[in-house]
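Structure file upload.pdb with PDB, C-alpha atoms, pLDDT in the B column:
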```pdb
ATOM      1  CA  MET A   3      13.791  -6.315  13.444  1.00 63.00           C
ATOM      2  CA  SER A   4      10.112  -7.007  12.743  1.00 78.00           C
ATOM      3  CA  TRP A   5       9.323  -3.291  12.287  1.00 82.00           C
ATOM      4  CA  LEU A   6      11.983  -3.094   9.575  1.00 86.00           C
ATOM      5  CA  TRP A   7      10.463  -6.100   7.807  1.00 83.00           C
ATOM      6  CA  THR A   8       7.018  -4.461   8.098  1.00 81.00           C
ATOM      7  CA  LEU A   9       8.332  -1.238   6.534  1.00 83.00           C
ATOM      8  CA  ILE A  10       9.959  -3.136   3.659  1.00 84.00           C
ATOM      9  CA  ILE A  11       6.803  -5.128   2.909  1.00 83.00           C
ATOM     10  CA  GLY A  12       4.703  -1.940   3.225  1.00 82.00           C
ATOM     11  CA  ALA A  13       6.969  -0.210   0.715  1.00 84.00           C
ATOM     12  CA  LEU A  14       6.709  -3.121  -1.717  1.00 85.00           C
ATOM     13  CA  ILE A  15       2.917  -3.144  -1.412  1.00 84.00           C
ATOM     14  CA  GLY A  16       2.894   0.615  -2.087  1.00 83.00           C
ATOM     15  CA  VAL A  17       5.159   0.203  -5.125  1.00 84.00           C
ATOM     16  CA  ILE A  18       2.955  -2.576  -6.507  1.00 85.00           C
ATOM     17  CA  ALA A  19      -0.188  -0.483  -5.989  1.00 84.00           C
ATOM     18  CA  GLY A  20       1.459   2.506  -7.686  1.00 81.00           C
ATOM     19  CA  ALA A  21       2.528   0.365 -10.618  1.00 83.00           C
ATOM     20  CA  ILE A  22      -0.953  -1.108 -11.028  1.00 84.00           C
ATOM     21  CA  THR A  23      -2.660   2.298 -10.940  1.00 81.00           C
ATOM     22  CA  LYS A  24       0.147   3.952 -12.940  1.00 76.00           C
ATOM     23  CA  LYS A  25      -0.165   6.909 -10.559  1.00 69.00           C
ATOM     24  CA  GLY A  26       2.461   6.046  -8.005  1.00 61.00           C
ATOM     25  CA  GLY A  27       5.464   6.918 -10.148  1.00 61.00           C
ATOM     26  CA  SER A  28       5.735  10.387  -8.705  1.00 62.00           C
ATOM     27  CA  MET A  29       5.391   9.134  -5.140  1.00 65.00           C
ATOM     28  CA  GLY A  30       8.571   8.812  -3.116  1.00 71.00           C
ATOM     29  CA  TRP A  31       9.613   5.913  -0.932  1.00 73.00           C
ATOM     30  CA  ILE A  32       8.065   7.388   2.198  1.00 79.00           C
ATOM     31  CA  ALA A  33       4.740   7.885   0.408  1.00 78.00           C
ATOM     32  CA  ASN A  34       4.953   4.304  -0.881  1.00 75.00           C
ATOM     33  CA  ILE A  35       5.567   3.001   2.634  1.00 78.00           C
ATOM     34  CA  VAL A  36       2.656   5.026   4.012  1.00 84.00           C
ATOM     35  CA  ALA A  37       0.364   3.948   1.149  1.00 82.00           C
ATOM     36  CA  GLY A  38       1.362   0.324   1.716  1.00 81.00           C
ATOM     37  CA  LEU A  39       0.844   0.395   5.474  1.00 85.00           C
ATOM     38  CA  VAL A  40      -2.404   2.376   5.381  1.00 88.00           C
ATOM     39  CA  GLY A  41      -3.630   0.330   2.425  1.00 85.00           C
ATOM     40  CA  SER A  42      -2.814  -2.851   4.292  1.00 85.00           C
ATOM     41  CA  ALA A  43      -4.873  -1.741   7.273  1.00 87.00           C
ATOM     42  CA  ILE A  44      -7.796  -0.653   5.079  1.00 89.00           C
ATOM     43  CA  GLY A  45      -7.671  -3.748   2.886  1.00 86.00           C
ATOM     44  CA  GLN A  46      -7.576  -6.142   5.800  1.00 85.00           C
ATOM     45  CA  ALA A  47     -10.360  -4.259   7.597  1.00 89.00           C
ATOM     46  CA  LEU A  48     -12.604  -4.413   4.519  1.00 87.00           C
ATOM     47  CA  LEU A  49     -11.652  -7.793   3.060  1.00 85.00           C
ATOM     48  CA  GLY A  50     -10.236  -9.796   5.960  1.00 81.00           C
ATOM     49  CA  SER A  51      -6.872 -11.497   6.107  1.00 79.00           C
ATOM     50  CA  TRP A  52      -7.092 -14.243   3.496  1.00 82.00           C
ATOM     51  CA  GLY A  53      -4.370 -15.332   1.137  1.00 79.00           C
ATOM     52  CA  PRO A  54      -0.627 -15.433   1.683  1.00 84.00           C
ATOM     53  CA  SER A  55       0.840 -13.113   4.279  1.00 80.00           C
ATOM     54  CA  LEU A  56       4.216 -11.588   5.041  1.00 76.00           C
ATOM     55  CA  ALA A  57       5.148  -9.590   8.140  1.00 76.00           C
ATOM     56  CA  GLY A  58       1.616  -9.967   9.469  1.00 77.00           C
ATOM     57  CA  MET A  59       0.023  -8.447   6.354  1.00 80.00           C
ATOM     58  CA  ALA A  60      -2.224 -10.459   4.064  1.00 83.00           C
ATOM     59  CA  LEU A  61      -0.831  -9.614   0.628  1.00 83.00           C
ATOM     60  CA  VAL A  62      -3.917  -9.647  -1.613  1.00 88.00           C
ATOM     61  CA  PRO A  63      -6.202  -7.517   0.623  1.00 89.00           C
ATOM     62  CA  SER A  64      -3.236  -5.239   1.391  1.00 87.00           C
ATOM     63  CA  ILE A  65      -2.522  -4.602  -2.291  1.00 87.00           C
ATOM     64  CA  ILE A  66      -6.207  -3.940  -2.989  1.00 90.00           C
ATOM     65  CA  GLY A  67      -6.352  -1.525  -0.046  1.00 89.00           C
ATOM     66  CA  ALA A  68      -3.161   0.216  -1.202  1.00 87.00           C
ATOM     67  CA  ILE A  69      -4.622   0.593  -4.710  1.00 88.00           C
ATOM     68  CA  ILE A  70      -7.613   2.332  -3.139  1.00 88.00           C
ATOM     69  CA  VAL A  71      -5.336   4.620  -1.095  1.00 86.00           C
ATOM     70  CA  VAL A  72      -3.151   5.528  -4.098  1.00 83.00           C
ATOM     71  CA  ALA A  73      -6.205   6.213  -6.275  1.00 83.00           C
ATOM     72  CA  VAL A  74      -7.852   8.436  -3.658  1.00 84.00           C
ATOM     73  CA  VAL A  75      -4.664  10.361  -2.881  1.00 81.00           C
ATOM     74  CA  SER A  76      -3.832  10.887  -6.561  1.00 77.00           C
ATOM     75  CA  PHE A  77      -7.419  12.042  -7.189  1.00 79.00           C
ATOM     76  CA  PHE A  78      -7.174  14.756  -4.533  1.00 78.00           C
ATOM     77  CA  ILE A  79      -3.617  15.783  -5.408  1.00 74.00           C
ATOM     78  CA  GLY A  80      -4.478  15.906  -9.116  1.00 64.00           C
ATOM     79  CA  ARG A  81      -7.340  18.315  -8.490  1.00 60.00           C
ATOM     80  CA  LYS A  82      -5.042  21.223  -7.573  1.00 56.00           C
TER      81      LYS A  82
END
```
Kindly return the structure encoded in the file as structure tokens.
Amino acid sequence: MSWLWTLIIGALIGVIAGAITKKGGSMGWIANIVAGLVGSAIGQALLGSWGPSLAGMALVPSIIGAIIVVAVVSFFIGRK
């Protein structure tokens, strides 16, 4: 059950990052989940695990990391 909770929180983090950057609207749910999970790992590796956490992910560093992931991915996809 914890993996399902992790996927849901990862998707929400990806949706929040997409809404903040205004570039995640065209991303699907799977891309949002991936952006949230990868962003969470990057954010926590760079910034630590401070602030409130859900499903083992610190929310503030995870959202910042997901914003970075969404911005980088949209930069490379937009260059086509």
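Every protein, DNA or RNA residue with an atom at most 9 Å from Ile11 (chain A), where only C-alpha atoms count and chain neighbours fewer than 4 positions away do not, is listed here: Leu6, Trp7, Ile15, Gly16, Ile35, Gly38, Leu39, Leu56, Ala57 and Met59 of chain A.
For the pair CA of Gly20 (chain A) and CA of Val72 (chain A), the interatomic distance is 6.6 Å.
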Spatial neighbours of region 40-50 of chain A, max dist 9 Å, only C-alpha atoms, sep filter under 5 positions, as a PyMOL selection string: chain A and resi 12+15-16+35+59-72
Determine the axis-aligned bounding box of all atoms of region 55-67 of chain A present in the file, pad each side by 3 Å, and express its centre and edge lengths in Å to one decimal place as lines of an AutoDock Vina configuration file.
```
center_x = -0.6
center_y = -7.3
center_z = 3.2
size_x = 17.5
size_y = 17.6
size_z = 18.5
```
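Note that CA of Ala13 (chain A) and CA of Val36 (chain A) are 7.5 Å apart.
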Distance criterion (only C-alpha atoms): nearest to Val74 (chain A) out of A:Gly30, A:Ser55, A:Leu9, A:Ala19: A:Ala19
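Each of A:Gly58, A:Lys24, A:Trp31, A:Gly53 was compared to Ser76 (chain A) using only C-alpha atoms, and A:Lys24 turns out to be the nearest.
Proximity ranking of A:Phe78, A:Ile10, A:Ser51, A:Ala73 relative to Thr23 (chain A) places A:Ala73 first, based on all atoms listed in the file.
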Using the structure just given, write a file holding N, CA and C atoms for region 27-73 of chain A, as a PDB file, in the first residue's frame.
```pdb
ATOM      1  N   GLY A  27       1.210  21.467 -18.285  1.00  0.00           N
ATOM      2  CA  GLY A  27      -0.155  21.227 -18.719  1.00  0.00           C
ATOM      3  C   GLY A  27      -0.267  20.159 -19.780  1.00  0.00           C
ATOM      4  N   SER A  28       0.750  20.055 -20.613  1.00  0.00           N
ATOM      5  CA  SER A  28       0.708  19.070 -21.685  1.00  0.00           C
ATOM      6  C   SER A  28       1.236  17.715 -21.235  1.00  0.00           C
ATOM      7  N   MET A  29       1.772  17.655 -20.027  1.00  0.00           N
ATOM      8  CA  MET A  29       2.286  16.388 -19.514  1.00  0.00           C
ATOM      9  C   MET A  29       1.126  15.526 -19.038  1.00  0.00           C
ATOM     10  N   GLY A  30       1.231  14.231 -19.253  1.00  0.00           N
ATOM     11  CA  GLY A  30       0.199  13.318 -18.786  1.00  0.00           C
ATOM     12  C   GLY A  30       0.450  12.909 -17.343  1.00  0.00           C
ATOM     13  N   TRP A  31      -0.406  12.046 -16.834  1.00  0.00           N
ATOM     14  CA  TRP A  31      -0.280  11.611 -15.451  1.00  0.00           C
ATOM     15  C   TRP A  31       1.001  10.834 -15.211  1.00  0.00           C
ATOM     16  N   ILE A  32       1.380   9.999 -16.158  1.00  0.00           N
ATOM     17  CA  ILE A  32       2.611   9.217 -15.977  1.00  0.00           C
ATOM     18  C   ILE A  32       3.820  10.138 -15.938  1.00  0.00           C
ATOM     19  N   ALA A  33       3.847  11.143 -16.812  1.00  0.00           N
ATOM     20  CA  ALA A  33       4.950  12.108 -16.804  1.00  0.00           C
ATOM     21  C   ALA A  33       4.943  12.915 -15.510  1.00  0.00           C
ATOM     22  N   ASN A  34       3.776  13.236 -14.988  1.00  0.00           N
ATOM     23  CA  ASN A  34       3.698  13.945 -13.708  1.00  0.00           C
ATOM     24  C   ASN A  34       4.227  13.079 -12.565  1.00  0.00           C
ATOM     25  N   ILE A  35       3.891  11.809 -12.574  1.00  0.00           N
ATOM     26  CA  ILE A  35       4.385  10.903 -11.539  1.00  0.00           C
ATOM     27  C   ILE A  35       5.903  10.797 -11.621  1.00  0.00           C
ATOM     28  N   VAL A  36       6.422  10.618 -12.830  1.00  0.00           N
ATOM     29  CA  VAL A  36       7.872  10.506 -13.009  1.00  0.00           C
ATOM     30  C   VAL A  36       8.560  11.805 -12.594  1.00  0.00           C
ATOM     31  N   ALA A  37       8.016  12.948 -13.026  1.00  0.00           N
ATOM     32  CA  ALA A  37       8.606  14.240 -12.647  1.00  0.00           C
ATOM     33  C   ALA A  37       8.570  14.416 -11.136  1.00  0.00           C
ATOM     34  N   GLY A  38       7.495  14.012 -10.499  1.00  0.00           N
ATOM     35  CA  GLY A  38       7.398  14.126  -9.045  1.00  0.00           C
ATOM     36  C   GLY A  38       8.372  13.230  -8.318  1.00  0.00           C
ATOM     37  N   LEU A  39       8.507  11.988  -8.757  1.00  0.00           N
ATOM     38  CA  LEU A  39       9.409  11.054  -8.089  1.00  0.00           C
ATOM     39  C   LEU A  39      10.870  11.408  -8.332  1.00  0.00           C
ATOM     40  N   VAL A  40      11.209  11.715  -9.584  1.00  0.00           N
ATOM     41  CA  VAL A  40      12.591  12.096  -9.896  1.00  0.00           C
ATOM     42  C   VAL A  40      12.920  13.436  -9.236  1.00  0.00           C
ATOM     43  N   GLY A  41      11.983  14.376  -9.309  1.00  0.00           N
ATOM     44  CA  GLY A  41      12.184  15.667  -8.669  1.00  0.00           C
ATOM     45  C   GLY A  41      12.341  15.546  -7.164  1.00  0.00           C
ATOM     46  N   SER A  42      11.611  14.631  -6.570  1.00  0.00           N
ATOM     47  CA  SER A  42      11.737  14.399  -5.138  1.00  0.00           C
ATOM     48  C   SER A  42      13.135  13.899  -4.799  1.00  0.00           C
ATOM     49  N   ALA A  43      13.626  12.970  -5.578  1.00  0.00           N
ATOM     50  CA  ALA A  43      14.973  12.439  -5.332  1.00  0.00           C
ATOM     51  C   ALA A  43      16.030  13.519  -5.522  1.00  0.00           C
ATOM     52  N   ILE A  44      15.901  14.306  -6.593  1.00  0.00           N
ATOM     53  CA  ILE A  44      16.873  15.375  -6.853  1.00  0.00           C
ATOM     54  C   ILE A  44      16.786  16.462  -5.784  1.00  0.00           C
ATOM     55  N   GLY A  45      15.581  16.883  -5.467  1.00  0.00           N
ATOM     56  CA  GLY A  45      15.404  17.930  -4.463  1.00  0.00           C
ATOM     57  C   GLY A  45      15.929  17.541  -3.100  1.00  0.00           C
ATOM     58  N   GLN A  46      15.674  16.319  -2.688  1.00  0.00           N
ATOM     59  CA  GLN A  46      16.150  15.883  -1.383  1.00  0.00           C
ATOM     60  C   GLN A  46      17.654  15.654  -1.378  1.00  0.00           C
ATOM     61  N   ALA A  47      18.222  15.263  -2.531  1.00  0.00           N
ATOM     62  CA  ALA A  47      19.671  15.097  -2.610  1.00  0.00           C
ATOM     63  C   ALA A  47      20.369  16.454  -2.537  1.00  0.00           C
ATOM     64  N   LEU A  48      19.792  17.469  -3.177  1.00  0.00           N
ATOM     65  CA  LEU A  48      20.414  18.789  -3.196  1.00  0.00           C
ATOM     66  C   LEU A  48      20.124  19.597  -1.934  1.00  0.00           C
ATOM     67  N   LEU A  49      18.894  19.518  -1.442  1.00  0.00           N
ATOM     68  CA  LEU A  49      18.456  20.411  -0.368  1.00  0.00           C
ATOM     69  C   LEU A  49      18.244  19.729   0.982  1.00  0.00           C
ATOM     70  N   GLY A  50      18.316  18.427   1.024  1.00  0.00           N
ATOM     71  CA  GLY A  50      18.066  17.716   2.280  1.00  0.00           C
ATOM     72  C   GLY A  50      16.586  17.403   2.445  1.00  0.00           C
ATOM     73  N   SER A  51      16.234  16.920   3.600  1.00  0.00           N
ATOM     74  CA  SER A  51      14.842  16.513   3.828  1.00  0.00           C
ATOM     75  C   SER A  51      14.219  17.323   4.953  1.00  0.00           C
ATOM     76  N   TRP A  52      14.162  18.625   4.785  1.00  0.00           N
ATOM     77  CA  TRP A  52      13.564  19.505   5.784  1.00  0.00           C
ATOM     78  C   TRP A  52      12.125  19.804   5.410  1.00  0.00           C
ATOM     79  N   GLY A  53      11.381  20.289   6.347  1.00  0.00           N
ATOM     80  CA  GLY A  53       9.987  20.631   6.098  1.00  0.00           C
ATOM     81  C   GLY A  53       9.069  19.437   6.282  1.00  0.00           C
ATOM     82  N   PRO A  54       7.782  19.653   6.031  1.00  0.00           N
ATOM     83  CA  PRO A  54       6.824  18.557   6.197  1.00  0.00           C
ATOM     84  C   PRO A  54       7.056  17.460   5.161  1.00  0.00           C
ATOM     85  N   SER A  55       6.710  16.241   5.534  1.00  0.00           N
ATOM     86  CA  SER A  55       6.909  15.134   4.599  1.00  0.00           C
ATOM     87  C   SER A  55       5.680  14.229   4.571  1.00  0.00           C
ATOM     88  N   LEU A  56       5.460  13.658   3.420  1.00  0.00           N
ATOM     89  CA  LEU A  56       4.407  12.665   3.204  1.00  0.00           C
ATOM     90  C   LEU A  56       5.013  11.517   2.408  1.00  0.00           C
ATOM     91  N   ALA A  57       4.680  10.314   2.763  1.00  0.00           N
ATOM     92  CA  ALA A  57       5.131   9.108   2.071  1.00  0.00           C
ATOM     93  C   ALA A  57       6.653   9.072   1.938  1.00  0.00           C
ATOM     94  N   GLY A  58       7.344   9.588   2.942  1.00  0.00           N
ATOM     95  CA  GLY A  58       8.798   9.560   2.925  1.00  0.00           C
ATOM     96  C   GLY A  58       9.439  10.621   2.057  1.00  0.00           C
ATOM     97  N   MET A  59       8.653  11.562   1.535  1.00  0.00           N
ATOM     98  CA  MET A  59       9.188  12.628   0.691  1.00  0.00           C
ATOM     99  C   MET A  59       8.990  13.962   1.389  1.00  0.00           C
ATOM    100  N   ALA A  60      10.079  14.710   1.558  1.00  0.00           N
ATOM    101  CA  ALA A  60       9.977  16.052   2.104  1.00  0.00           C
ATOM    102  C   ALA A  60       9.350  16.938   1.029  1.00  0.00           C
ATOM    103  N   LEU A  61       8.252  17.589   1.341  1.00  0.00           N
ATOM    104  CA  LEU A  61       7.446  18.259   0.319  1.00  0.00           C
ATOM    105  C   LEU A  61       8.139  19.449  -0.331  1.00  0.00           C
ATOM    106  N   VAL A  62       8.727  20.342   0.446  1.00  0.00           N
ATOM    107  CA  VAL A  62       9.306  21.559  -0.128  1.00  0.00           C
ATOM    108  C   VAL A  62      10.498  21.233  -1.036  1.00  0.00           C
ATOM    109  N   PRO A  63      11.501  20.461  -0.582  1.00  0.00           N
ATOM    110  CA  PRO A  63      12.594  20.117  -1.494  1.00  0.00           C
ATOM    111  C   PRO A  63      12.123  19.292  -2.699  1.00  0.00           C
ATOM    112  N   SER A  64      11.096  18.461  -2.498  1.00  0.00           N
ATOM    113  CA  SER A  64      10.576  17.650  -3.597  1.00  0.00           C
ATOM    114  C   SER A  64       9.929  18.521  -4.665  1.00  0.00           C
ATOM    115  N   ILE A  65       9.164  19.524  -4.258  1.00  0.00           N
ATOM    116  CA  ILE A  65       8.526  20.413  -5.221  1.00  0.00           C
ATOM    117  C   ILE A  65       9.575  21.233  -5.959  1.00  0.00           C
ATOM    118  N   ILE A  66      10.588  21.711  -5.246  1.00  0.00           N
ATOM    119  CA  ILE A  66      11.658  22.469  -5.903  1.00  0.00           C
ATOM    120  C   ILE A  66      12.397  21.585  -6.902  1.00  0.00           C
ATOM    121  N   GLY A  67      12.692  20.353  -6.520  1.00  0.00           N
ATOM    122  CA  GLY A  67      13.350  19.419  -7.437  1.00  0.00           C
ATOM    123  C   GLY A  67      12.483  19.098  -8.644  1.00  0.00           C
ATOM    124  N   ALA A  68      11.177  18.944  -8.436  1.00  0.00           N
ATOM    125  CA  ALA A  68      10.264  18.656  -9.545  1.00  0.00           C
ATOM    126  C   ALA A  68      10.148  19.861 -10.480  1.00  0.00           C
ATOM    127  N   ILE A  69      10.206  21.069  -9.939  1.00  0.00           N
ATOM    128  CA  ILE A  69      10.205  22.267 -10.788  1.00  0.00           C
ATOM    129  C   ILE A  69      11.430  22.255 -11.689  1.00  0.00           C
ATOM    130  N   ILE A  70      12.574  21.888 -11.131  1.00  0.00           N
ATOM    131  CA  ILE A  70      13.799  21.799 -11.928  1.00  0.00           C
ATOM    132  C   ILE A  70      13.643  20.758 -13.027  1.00  0.00           C
ATOM    133  N   VAL A  71      13.104  19.591 -12.686  1.00  0.00           N
ATOM    134  CA  VAL A  71      12.924  18.515 -13.674  1.00  0.00           C
ATOM    135  C   VAL A  71      11.968  18.949 -14.784  1.00  0.00           C
ATOM    136  N   VAL A  72      10.841  19.548 -14.428  1.00  0.00           N
ATOM    137  CA  VAL A  72       9.866  19.987 -15.433  1.00  0.00           C
ATOM    138  C   VAL A  72      10.470  21.059 -16.332  1.00  0.00           C
ATOM    139  N   ALA A  73      11.214  21.993 -15.753  1.00  0.00           N
ATOM    140  CA  ALA A  73      11.830  23.055 -16.557  1.00  0.00           C
ATOM    141  C   ALA A  73      12.863  22.494 -17.520  1.00  0.00           C
TER     142      ALA A  73
END
```
